[in-house]
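J.: I have a structure here, written as structure tokens, and I will follow up with some questions on it.
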Amino acid sequence: MNPAATSTDNWSEVQAAAEAALPPDVVTFIAECRKDPQPESQLIAVLHRVQEHTGYLASAQLDAVAQLLRVPAAKVSGVATFYHYFHLHPRGRYMINVCLGTACYVKGADKIAARLKEELGIDFGQTTTDGLFSLHAAACLGTCGLAPVLMINDKVHPRVTPDQIPALLEQTVAADRTPAA
Ligand code: FES
């Protein structure tokens with residue numbers, strides 16, 4: 001071992017590994033942010049850019065952002081987990097949000113959630129192995145008058161019953177396969 005090894009030597013390796021974990025334009029953006037007197041004020045903007053590329057924030061990417069922006073790793077993961085719009089796992093092509101808010105719950109939202117879990121074979125926060133569906137619970141989707149409600153991507157499905165779930169999943173995939181007229 002070279003006793004003269006310095007933290008600068010190590011930093012080159014750390015920097016190279018961190019840069020390799022991120023898209024090049026994000027690396028460039030972080031370099032710009034570093035010119036800011038308070039680079040960590042740009043943390044959310046940086047994380048948004050990373051997620052735009054990969055659809056979610058992998059732990060290696062969070063570490064890389066911490067290294068390059070020179071922000072503590074705990075702060076980066078704290079921000080990534082705090083905001084609901086950041087995702088820490090790969091997301092399915094179809095994001096299902098089941099409302100478990102009060103208005104939906106009293107109309108049987110728990111049974112809808114149970115049927116979705118059964119049909120998809122996943123729990124909340126998970127994605128099917130074919131990458132098609134991700135399942136999430138929502139507190140209220142803002143359409144209480146249509147309870148019970150679920151959303152698949154941007155589309156609201158009102159007054160859903162558990163028995164409608166299999167057909168709803170099939171229709172969602174089939175609609176995507178149907179060529180536009
Ligand atoms: S409680 Fe379900 S939409 Fe408001």
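Every chain in the structure tokens has a letter given in the order shown (A, B, ...), and although residue numbers restart at 1 in each chain, ligands are simply numbered from 1 in the order shown.
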For ligand 1, return the neighbouring residues as a PDB file with all heavy atoms, in the first residue's frame (distance at most 12 Å; only C-alpha atoms and all ligand atoms).
T.:
```pdb
ATOM      1  N   ASN A  97     -53.690   3.112  -8.503  1.00  0.00           N
ATOM      2  CA  ASN A  97     -53.852   3.750  -7.200  1.00  0.00           C
ATOM      3  C   ASN A  97     -55.241   3.419  -6.667  1.00  0.00           C
ATOM      4  O   ASN A  97     -56.240   3.829  -7.253  1.00  0.00           O
ATOM      5  CB  ASN A  97     -53.692   5.271  -7.324  1.00  0.00           C
ATOM      6  CG  ASN A  97     -52.267   5.696  -7.138  1.00  0.00           C
ATOM      7  OD1 ASN A  97     -51.683   5.496  -6.082  1.00  0.00           O
ATOM      8  ND2 ASN A  97     -51.687   6.267  -8.186  1.00  0.00           N
ATOM      9  N   VAL A  98     -55.302   2.665  -5.597  1.00  0.00           N
ATOM     10  CA  VAL A  98     -56.588   2.330  -4.985  1.00  0.00           C
ATOM     11  C   VAL A  98     -56.834   3.305  -3.855  1.00  0.00           C
ATOM     12  O   VAL A  98     -56.000   3.457  -2.962  1.00  0.00           O
ATOM     13  CB  VAL A  98     -56.561   0.915  -4.359  1.00  0.00           C
ATOM     14  CG1 VAL A  98     -57.974   0.501  -3.988  1.00  0.00           C
ATOM     15  CG2 VAL A  98     -55.933  -0.065  -5.298  1.00  0.00           C
ATOM     16  N   CYS A  99     -57.993   3.959  -3.881  1.00  0.00           N
ATOM     17  CA  CYS A  99     -58.290   4.904  -2.816  1.00  0.00           C
ATOM     18  C   CYS A  99     -58.767   4.153  -1.580  1.00  0.00           C
ATOM     19  O   CYS A  99     -59.719   3.374  -1.640  1.00  0.00           O
ATOM     20  CB  CYS A  99     -59.358   5.895  -3.269  1.00  0.00           C
ATOM     21  SG  CYS A  99     -59.683   7.102  -1.972  1.00  0.00           S
ATOM     22  N   LEU A 100     -58.090   4.413  -0.468  1.00  0.00           N
ATOM     23  CA  LEU A 100     -58.501   3.829   0.811  1.00  0.00           C
ATOM     24  C   LEU A 100     -58.962   4.927   1.769  1.00  0.00           C
ATOM     25  O   LEU A 100     -58.976   4.745   2.981  1.00  0.00           O
ATOM     26  CB  LEU A 100     -57.352   3.021   1.431  1.00  0.00           C
ATOM     27  CG  LEU A 100     -56.908   1.774   0.657  1.00  0.00           C
ATOM     28  CD1 LEU A 100     -55.779   1.070   1.376  1.00  0.00           C
ATOM     29  CD2 LEU A 100     -58.071   0.814   0.424  1.00  0.00           C
ATOM     30  N   GLY A 101     -59.309   6.078   1.204  1.00  0.00           N
ATOM     31  CA  GLY A 101     -59.842   7.173   2.018  1.00  0.00           C
ATOM     32  C   GLY A 101     -61.198   6.784   2.601  1.00  0.00           C
ATOM     33  O   GLY A 101     -61.803   5.779   2.199  1.00  0.00           O
ATOM     34  N   THR A 102     -61.677   7.592   3.526  1.00  0.00           N
ATOM     35  CA  THR A 102     -62.894   7.224   4.278  1.00  0.00           C
ATOM     36  C   THR A 102     -64.092   6.937   3.386  1.00  0.00           C
ATOM     37  O   THR A 102     -64.753   5.897   3.528  1.00  0.00           O
ATOM     38  CB  THR A 102     -63.257   8.356   5.266  1.00  0.00           C
ATOM     39  OG1 THR A 102     -62.109   8.630   6.064  1.00  0.00           O
ATOM     40  CG2 THR A 102     -64.408   7.960   6.158  1.00  0.00           C
ATOM     41  N   ALA A 103     -64.366   7.835   2.425  1.00  0.00           N
ATOM     42  CA  ALA A 103     -65.558   7.665   1.583  1.00  0.00           C
ATOM     43  C   ALA A 103     -65.486   6.368   0.787  1.00  0.00           C
ATOM     44  O   ALA A 103     -66.502   5.678   0.591  1.00  0.00           O
ATOM     45  CB  ALA A 103     -65.702   8.861   0.647  1.00  0.00           C
ATOM     46  N   CYS A 104     -64.305   6.024   0.318  1.00  0.00           N
ATOM     47  CA  CYS A 104     -64.143   4.795  -0.455  1.00  0.00           C
ATOM     48  C   CYS A 104     -64.125   3.574   0.461  1.00  0.00           C
ATOM     49  O   CYS A 104     -64.663   2.527   0.125  1.00  0.00           O
ATOM     50  CB  CYS A 104     -62.862   4.865  -1.289  1.00  0.00           C
ATOM     51  SG  CYS A 104     -62.993   6.057  -2.655  1.00  0.00           S
ATOM     52  N   TYR A 105     -63.513   3.753   1.620  1.00  0.00           N
ATOM     53  CA  TYR A 105     -63.394   2.612   2.539  1.00  0.00           C
ATOM     54  C   TYR A 105     -64.764   2.112   2.974  1.00  0.00           C
ATOM     55  O   TYR A 105     -65.020   0.912   2.997  1.00  0.00           O
ATOM     56  CB  TYR A 105     -62.544   3.001   3.753  1.00  0.00           C
ATOM     57  CG  TYR A 105     -62.004   1.799   4.473  1.00  0.00           C
ATOM     58  CD1 TYR A 105     -60.797   1.227   4.086  1.00  0.00           C
ATOM     59  CD2 TYR A 105     -62.712   1.214   5.521  1.00  0.00           C
ATOM     60  CE1 TYR A 105     -60.306   0.104   4.731  1.00  0.00           C
ATOM     61  CE2 TYR A 105     -62.223   0.087   6.165  1.00  0.00           C
ATOM     62  CZ  TYR A 105     -61.021  -0.454   5.772  1.00  0.00           C
ATOM     63  OH  TYR A 105     -60.534  -1.568   6.401  1.00  0.00           O
ATOM     64  N   VAL A 106     -65.655   3.061   3.311  1.00  0.00           N
ATOM     65  CA  VAL A 106     -66.979   2.627   3.785  1.00  0.00           C
ATOM     66  C   VAL A 106     -67.784   1.978   2.655  1.00  0.00           C
ATOM     67  O   VAL A 106     -68.783   1.311   2.902  1.00  0.00           O
ATOM     68  CB  VAL A 106     -67.795   3.793   4.409  1.00  0.00           C
ATOM     69  CG1 VAL A 106     -67.090   4.341   5.628  1.00  0.00           C
ATOM     70  CG2 VAL A 106     -68.071   4.879   3.391  1.00  0.00           C
ATOM     71  N   LYS A 107     -67.334   2.165   1.423  1.00  0.00           N
ATOM     72  CA  LYS A 107     -68.029   1.528   0.295  1.00  0.00           C
ATOM     73  C   LYS A 107     -67.263   0.315  -0.231  1.00  0.00           C
ATOM     74  O   LYS A 107     -67.452  -0.102  -1.373  1.00  0.00           O
ATOM     75  CB  LYS A 107     -68.257   2.551  -0.805  1.00  0.00           C
ATOM     76  CG  LYS A 107     -69.194   3.666  -0.362  1.00  0.00           C
ATOM     77  CD  LYS A 107     -70.043   4.178  -1.487  1.00  0.00           C
ATOM     78  CE  LYS A 107     -71.134   5.081  -0.960  1.00  0.00           C
ATOM     79  NZ  LYS A 107     -71.961   5.639  -2.006  1.00  0.00           N
ATOM     80  N   GLY A 108     -66.355  -0.205   0.581  1.00  0.00           N
ATOM     81  CA  GLY A 108     -65.743  -1.491   0.236  1.00  0.00           C
ATOM     82  C   GLY A 108     -64.398  -1.426  -0.454  1.00  0.00           C
ATOM     83  O   GLY A 108     -63.994  -2.382  -1.121  1.00  0.00           O
ATOM     84  N   ALA A 109     -63.655  -0.333  -0.298  1.00  0.00           N
ATOM     85  CA  ALA A 109     -62.347  -0.218  -0.949  1.00  0.00           C
ATOM     86  C   ALA A 109     -61.375  -1.304  -0.501  1.00  0.00           C
ATOM     87  O   ALA A 109     -60.517  -1.732  -1.281  1.00  0.00           O
ATOM     88  CB  ALA A 109     -61.750   1.162  -0.676  1.00  0.00           C
ATOM     89  N   ASP A 110     -61.530  -1.766   0.753  1.00  0.00           N
ATOM     90  CA  ASP A 110     -60.615  -2.815   1.228  1.00  0.00           C
ATOM     91  C   ASP A 110     -60.796  -4.107   0.439  1.00  0.00           C
ATOM     92  O   ASP A 110     -59.840  -4.826   0.163  1.00  0.00           O
ATOM     93  CB  ASP A 110     -60.803  -3.054   2.735  1.00  0.00           C
ATOM     94  CG  ASP A 110     -62.234  -3.428   3.102  1.00  0.00           C
ATOM     95  OD1 ASP A 110     -63.159  -2.983   2.401  1.00  0.00           O
ATOM     96  OD2 ASP A 110     -62.413  -4.183   4.071  1.00  0.00           O
ATOM     97  N   ALA A 137     -51.599   2.435  -2.613  1.00  0.00           N
ATOM     98  CA  ALA A 137     -52.781   2.884  -1.873  1.00  0.00           C
ATOM     99  C   ALA A 137     -52.764   4.404  -1.829  1.00  0.00           C
ATOM    100  O   ALA A 137     -51.703   5.006  -1.664  1.00  0.00           O
ATOM    101  CB  ALA A 137     -52.757   2.311  -0.467  1.00  0.00           C
ATOM    102  N   ALA A 138     -53.937   5.015  -1.983  1.00  0.00           N
ATOM    103  CA  ALA A 138     -54.032   6.476  -1.922  1.00  0.00           C
ATOM    104  C   ALA A 138     -54.939   6.859  -0.766  1.00  0.00           C
ATOM    105  O   ALA A 138     -55.853   6.110  -0.393  1.00  0.00           O
ATOM    106  CB  ALA A 138     -54.595   7.022  -3.237  1.00  0.00           C
ATOM    107  N   ALA A 139     -54.699   8.032  -0.186  1.00  0.00           N
ATOM    108  CA  ALA A 139     -55.508   8.493   0.945  1.00  0.00           C
ATOM    109  C   ALA A 139     -56.850   9.036   0.467  1.00  0.00           C
ATOM    110  O   ALA A 139     -57.882   8.790   1.069  1.00  0.00           O
ATOM    111  CB  ALA A 139     -54.758   9.554   1.725  1.00  0.00           C
ATOM    112  N   CYS A 140     -56.853   9.780  -0.614  1.00  0.00           N
ATOM    113  CA  CYS A 140     -58.089  10.282  -1.230  1.00  0.00           C
ATOM    114  C   CYS A 140     -57.718  10.768  -2.618  1.00  0.00           C
ATOM    115  O   CYS A 140     -56.729  11.489  -2.772  1.00  0.00           O
ATOM    116  CB  CYS A 140     -58.706  11.419  -0.424  1.00  0.00           C
ATOM    117  SG  CYS A 140     -60.178  12.134  -1.229  1.00  0.00           S
ATOM    118  N   LEU A 141     -58.501  10.372  -3.612  1.00  0.00           N
ATOM    119  CA  LEU A 141     -58.193  10.768  -4.989  1.00  0.00           C
ATOM    120  C   LEU A 141     -58.993  11.993  -5.408  1.00  0.00           C
ATOM    121  O   LEU A 141     -58.949  12.412  -6.559  1.00  0.00           O
ATOM    122  CB  LEU A 141     -58.449   9.587  -5.941  1.00  0.00           C
ATOM    123  CG  LEU A 141     -57.508   8.392  -5.731  1.00  0.00           C
ATOM    124  CD1 LEU A 141     -57.965   7.198  -6.570  1.00  0.00           C
ATOM    125  CD2 LEU A 141     -56.073   8.753  -6.080  1.00  0.00           C
ATOM    126  N   GLY A 142     -59.748  12.553  -4.473  1.00  0.00           N
ATOM    127  CA  GLY A 142     -60.461  13.802  -4.754  1.00  0.00           C
ATOM    128  C   GLY A 142     -61.752  13.617  -5.523  1.00  0.00           C
ATOM    129  O   GLY A 142     -62.312  14.581  -6.040  1.00  0.00           O
ATOM    130  N   THR A 143     -62.238  12.394  -5.616  1.00  0.00           N
ATOM    131  CA  THR A 143     -63.497  12.148  -6.328  1.00  0.00           C
ATOM    132  C   THR A 143     -64.401  11.294  -5.440  1.00  0.00           C
ATOM    133  O   THR A 143     -64.943  10.276  -5.877  1.00  0.00           O
ATOM    134  CB  THR A 143     -63.235  11.423  -7.672  1.00  0.00           C
ATOM    135  OG1 THR A 143     -62.465  10.240  -7.400  1.00  0.00           O
ATOM    136  CG2 THR A 143     -62.490  12.291  -8.649  1.00  0.00           C
ATOM    137  N   CYS A 144     -64.570  11.748  -4.204  1.00  0.00           N
ATOM    138  CA  CYS A 144     -65.293  10.958  -3.194  1.00  0.00           C
ATOM    139  C   CYS A 144     -66.724  10.626  -3.620  1.00  0.00           C
ATOM    140  O   CYS A 144     -67.267   9.591  -3.229  1.00  0.00           O
ATOM    141  CB  CYS A 144     -65.302  11.697  -1.865  1.00  0.00           C
ATOM    142  SG  CYS A 144     -63.679  12.202  -1.304  1.00  0.00           S
ATOM    143  N   GLY A 145     -67.340  11.490  -4.412  1.00  0.00           N
ATOM    144  CA  GLY A 145     -68.717  11.253  -4.860  1.00  0.00           C
ATOM    145  C   GLY A 145     -68.830  10.043  -5.767  1.00  0.00           C
ATOM    146  O   GLY A 145     -69.936   9.562  -6.034  1.00  0.00           O
ATOM    147  N   LEU A 146     -67.701   9.566  -6.269  1.00  0.00           N
ATOM    148  CA  LEU A 146     -67.694   8.408  -7.171  1.00  0.00           C
ATOM    149  C   LEU A 146     -67.220   7.143  -6.470  1.00  0.00           C
ATOM    150  O   LEU A 146     -66.913   6.144  -7.101  1.00  0.00           O
ATOM    151  CB  LEU A 146     -66.790   8.687  -8.382  1.00  0.00           C
ATOM    152  CG  LEU A 146     -67.116   9.943  -9.185  1.00  0.00           C
ATOM    153  CD1 LEU A 146     -66.080  10.164 -10.277  1.00  0.00           C
ATOM    154  CD2 LEU A 146     -68.507   9.830  -9.799  1.00  0.00           C
ATOM    155  N   ALA A 147     -67.131   7.196  -5.150  1.00  0.00           N
ATOM    156  CA  ALA A 147     -66.572   6.081  -4.368  1.00  0.00           C
ATOM    157  C   ALA A 147     -67.338   4.776  -4.589  1.00  0.00           C
ATOM    158  O   ALA A 147     -68.557   4.811  -4.778  1.00  0.00           O
ATOM    159  CB  ALA A 147     -66.612   6.459  -2.882  1.00  0.00           C
ATOM    160  N   PRO A 148     -66.634   3.658  -4.532  1.00  0.00           N
ATOM    161  CA  PRO A 148     -65.176   3.526  -4.381  1.00  0.00           C
ATOM    162  C   PRO A 148     -64.452   3.708  -5.717  1.00  0.00           C
ATOM    163  O   PRO A 148     -64.946   3.285  -6.754  1.00  0.00           O
ATOM    164  CB  PRO A 148     -65.009   2.109  -3.848  1.00  0.00           C
ATOM    165  CG  PRO A 148     -66.185   1.364  -4.410  1.00  0.00           C
ATOM    166  CD  PRO A 148     -67.316   2.361  -4.539  1.00  0.00           C
ATOM    167  N   VAL A 149     -63.284   4.303  -5.627  1.00  0.00           N
ATOM    168  CA  VAL A 149     -62.573   4.757  -6.825  1.00  0.00           C
ATOM    169  C   VAL A 149     -61.186   4.146  -6.890  1.00  0.00           C
ATOM    170  O   VAL A 149     -60.541   3.951  -5.866  1.00  0.00           O
ATOM    171  CB  VAL A 149     -62.423   6.303  -6.768  1.00  0.00           C
ATOM    172  CG1 VAL A 149     -61.578   6.813  -7.906  1.00  0.00           C
ATOM    173  CG2 VAL A 149     -63.777   6.962  -6.767  1.00  0.00           C
ATOM    174  N   LEU A 150     -60.761   3.861  -8.100  1.00  0.00           N
ATOM    175  CA  LEU A 150     -59.334   3.588  -8.303  1.00  0.00           C
ATOM    176  C   LEU A 150     -58.895   4.290  -9.575  1.00  0.00           C
ATOM    177  O   LEU A 150     -59.722   4.643 -10.427  1.00  0.00           O
ATOM    178  CB  LEU A 150     -59.024   2.086  -8.333  1.00  0.00           C
ATOM    179  CG  LEU A 150     -59.601   1.188  -9.413  1.00  0.00           C
ATOM    180  CD1 LEU A 150     -58.811   1.295 -10.708  1.00  0.00           C
ATOM    181  CD2 LEU A 150     -59.563  -0.263  -8.930  1.00  0.00           C
ATOM    182  N   MET A 151     -57.619   4.523  -9.675  1.00  0.00           N
ATOM    183  CA  MET A 151     -57.059   5.148 -10.876  1.00  0.00           C
ATOM    184  C   MET A 151     -56.049   4.209 -11.494  1.00  0.00           C
ATOM    185  O   MET A 151     -55.264   3.563 -10.777  1.00  0.00           O
ATOM    186  CB  MET A 151     -56.340   6.462 -10.538  1.00  0.00           C
ATOM    187  CG  MET A 151     -57.269   7.639 -10.340  1.00  0.00           C
ATOM    188  SD  MET A 151     -56.340   9.160 -10.025  1.00  0.00           S
ATOM    189  CE  MET A 151     -55.831   9.608 -11.688  1.00  0.00           C
ATOM    190  N   VAL A 156     -59.593   7.708 -14.069  1.00  0.00           N
ATOM    191  CA  VAL A 156     -60.369   7.393 -12.869  1.00  0.00           C
ATOM    192  C   VAL A 156     -61.419   6.340 -13.209  1.00  0.00           C
ATOM    193  O   VAL A 156     -62.122   6.458 -14.213  1.00  0.00           O
ATOM    194  CB  VAL A 156     -61.079   8.661 -12.332  1.00  0.00           C
ATOM    195  CG1 VAL A 156     -62.020   8.302 -11.171  1.00  0.00           C
ATOM    196  CG2 VAL A 156     -60.068   9.697 -11.892  1.00  0.00           C
ATOM    197  N   HIS A 157     -61.515   5.310 -12.366  1.00  0.00           N
ATOM    198  CA  HIS A 157     -62.550   4.286 -12.537  1.00  0.00           C
ATOM    199  C   HIS A 157     -63.485   4.388 -11.334  1.00  0.00           C
ATOM    200  O   HIS A 157     -63.085   4.090 -10.203  1.00  0.00           O
ATOM    201  CB  HIS A 157     -61.921   2.902 -12.629  1.00  0.00           C
ATOM    202  CG  HIS A 157     -61.072   2.736 -13.849  1.00  0.00           C
ATOM    203  ND1 HIS A 157     -61.571   2.284 -15.054  1.00  0.00           N
ATOM    204  CD2 HIS A 157     -59.769   3.022 -14.056  1.00  0.00           C
ATOM    205  CE1 HIS A 157     -60.590   2.270 -15.951  1.00  0.00           C
ATOM    206  NE2 HIS A 157     -59.490   2.715 -15.372  1.00  0.00           N
ATOM    207  N   PRO A 158     -64.743   4.832 -11.580  1.00  0.00           N
ATOM    208  CA  PRO A 158     -65.675   5.068 -10.471  1.00  0.00           C
ATOM    209  C   PRO A 158     -66.469   3.827 -10.092  1.00  0.00           C
ATOM    210  O   PRO A 158     -66.667   2.926 -10.900  1.00  0.00           O
ATOM    211  CB  PRO A 158     -66.599   6.133 -11.053  1.00  0.00           C
ATOM    212  CG  PRO A 158     -66.649   5.820 -12.518  1.00  0.00           C
ATOM    213  CD  PRO A 158     -65.306   5.235 -12.870  1.00  0.00           C
ATOM    214  N   ARG A 159     -66.934   3.831  -8.843  1.00  0.00           N
ATOM    215  CA  ARG A 159     -67.875   2.812  -8.339  1.00  0.00           C
ATOM    216  C   ARG A 159     -67.472   1.399  -8.750  1.00  0.00           C
ATOM    217  O   ARG A 159     -68.263   0.640  -9.313  1.00  0.00           O
ATOM    218  CB  ARG A 159     -69.284   3.131  -8.813  1.00  0.00           C
ATOM    219  CG  ARG A 159     -69.755   4.500  -8.325  1.00  0.00           C
ATOM    220  CD  ARG A 159     -71.198   4.816  -8.663  1.00  0.00           C
ATOM    221  NE  ARG A 159     -71.534   6.159  -8.248  1.00  0.00           N
ATOM    222  CZ  ARG A 159     -71.447   7.233  -9.047  1.00  0.00           C
ATOM    223  NH1 ARG A 159     -71.069   7.132 -10.299  1.00  0.00           N
ATOM    224  NH2 ARG A 159     -71.757   8.431  -8.584  1.00  0.00           N
ATOM    225  N   VAL A 160     -66.236   1.086  -8.469  1.00  0.00           N
ATOM    226  CA  VAL A 160     -65.689  -0.222  -8.847  1.00  0.00           C
ATOM    227  C   VAL A 160     -66.153  -1.286  -7.860  1.00  0.00           C
ATOM    228  O   VAL A 160     -66.307  -1.016  -6.662  1.00  0.00           O
ATOM    229  CB  VAL A 160     -64.144  -0.158  -8.850  1.00  0.00           C
ATOM    230  CG1 VAL A 160     -63.550  -1.506  -9.227  1.00  0.00           C
ATOM    231  CG2 VAL A 160     -63.667   0.926  -9.806  1.00  0.00           C
TER     232      VAL A 160
END
```
J.: Set the distance at 9 Å and use only C-alpha atoms: which residues neighbour stretch 70-82 of chain A once local chain neighbours fewer than 4 positions away are removed? I'd like the list as an MDAnalysis selection string.
T.: chainID A and resid 34 39:40 43:44 47 57 59 62:66 86:88
J.: So that I have them on file, write out the residues from the current selection with N, CA, C and O atoms, as a compact mmCIF listing (two decimals), in the first residue's frame.
T.:
```
# COMPACT_ATOMS: atom_id res chain seq x y z
N ARG A 34 -23.23 22.79 -8.40
CA ARG A 34 -22.12 22.94 -7.45
C ARG A 34 -21.60 24.37 -7.41
O ARG A 34 -20.92 24.78 -6.47
N PRO A 39 -25.40 24.27 -2.82
CA PRO A 39 -25.77 23.22 -3.80
C PRO A 39 -26.92 22.33 -3.33
O PRO A 39 -27.72 21.87 -4.14
N GLU A 40 -27.03 22.13 -2.02
CA GLU A 40 -28.09 21.20 -1.59
C GLU A 40 -29.48 21.77 -1.80
O GLU A 40 -30.46 21.02 -1.79
N LEU A 43 -31.14 19.94 -4.60
CA LEU A 43 -31.25 18.49 -4.49
C LEU A 43 -32.53 17.95 -5.14
O LEU A 43 -32.48 16.97 -5.89
N ILE A 44 -33.67 18.57 -4.87
CA ILE A 44 -34.93 18.06 -5.43
C ILE A 44 -34.91 18.14 -6.96
O ILE A 44 -35.33 17.20 -7.66
N LEU A 47 -32.83 15.27 -8.25
CA LEU A 47 -33.53 13.98 -8.16
C LEU A 47 -34.62 13.86 -9.22
O LEU A 47 -34.84 12.79 -9.80
N LEU A 57 -35.68 6.07 -8.61
CA LEU A 57 -34.38 6.42 -8.06
C LEU A 57 -33.75 5.18 -7.42
O LEU A 57 -34.20 4.73 -6.36
N SER A 59 -30.84 3.00 -5.48
CA SER A 59 -29.99 3.40 -4.35
C SER A 59 -28.60 3.83 -4.82
O SER A 59 -28.01 4.75 -4.25
N LEU A 62 -28.87 7.39 -5.79
CA LEU A 62 -28.94 8.30 -4.64
C LEU A 62 -27.55 8.52 -4.06
O LEU A 62 -27.17 9.65 -3.71
N ASP A 63 -26.77 7.44 -3.98
CA ASP A 63 -25.40 7.57 -3.47
C ASP A 63 -24.58 8.48 -4.38
O ASP A 63 -23.80 9.32 -3.91
N ALA A 64 -24.75 8.30 -5.69
CA ALA A 64 -23.98 9.09 -6.65
C ALA A 64 -24.33 10.58 -6.53
O ALA A 64 -23.45 11.44 -6.58
N VAL A 65 -25.61 10.87 -6.37
CA VAL A 65 -26.04 12.27 -6.21
C VAL A 65 -25.40 12.86 -4.95
O VAL A 65 -24.89 13.99 -4.95
N ALA A 66 -25.40 12.08 -3.87
CA ALA A 66 -24.82 12.55 -2.61
C ALA A 66 -23.34 12.87 -2.79
O ALA A 66 -22.85 13.91 -2.34
N PHE A 86 -41.40 10.85 -5.71
CA PHE A 86 -40.18 10.09 -6.00
C PHE A 86 -40.45 8.61 -5.77
O PHE A 86 -41.10 8.23 -4.79
N HIS A 87 -39.93 7.79 -6.68
CA HIS A 87 -40.14 6.34 -6.58
C HIS A 87 -38.80 5.65 -6.41
O HIS A 87 -37.85 5.94 -7.15
N LEU A 88 -38.75 4.74 -5.46
CA LEU A 88 -37.48 4.07 -5.14
C LEU A 88 -37.38 2.68 -5.76
O LEU A 88 -36.39 1.99 -5.56
```
J.: I'd like to know which of A:Leu68, A:Gln61, A:Gln126, A:Ser134 is closest to A:Thr28, using only C-alpha atoms.
T.: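 Closest candidate: A:Leu68.
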J.: Kindly indicate which residue among A:Thr129, A:Gln164, A:Gln67, A:Ser12 lies nearest to A:Arg115, using only C-alpha atoms for the distances.
T.: A:Gln164
J.: Compile a residue-level contact table for stretch 18-97 of chain A against stretch 166-171 of chain A at a cut-off of 12 Å, reporting for every qualifying residue the shortest atom pair and its distance in Å to one decimal, with only C-alpha atoms counted, rows ordered by chain and ascending number, as CSV.
T.:
```
residue,atom,partner,partner_atom,distance
A:Tyr94,CA,A:Leu169,CA,9.6
A:Met95,CA,A:Leu169,CA,11.3
A:Ile96,CA,A:Leu169,CA,9.8
```
J.: Which is closest to A:Gly131 among A:Arg93, A:Lys155, A:Lys111, A:Lys117, if we use only C-alpha atoms?
T.: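 Closest candidate: A:Arg93.
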J.: Which of these residues is nearest to A:Gly125, using only C-alpha atoms: A:Thr161, A:Pro90, A:Asn153, A:Ala58?
T.: A:Pro90
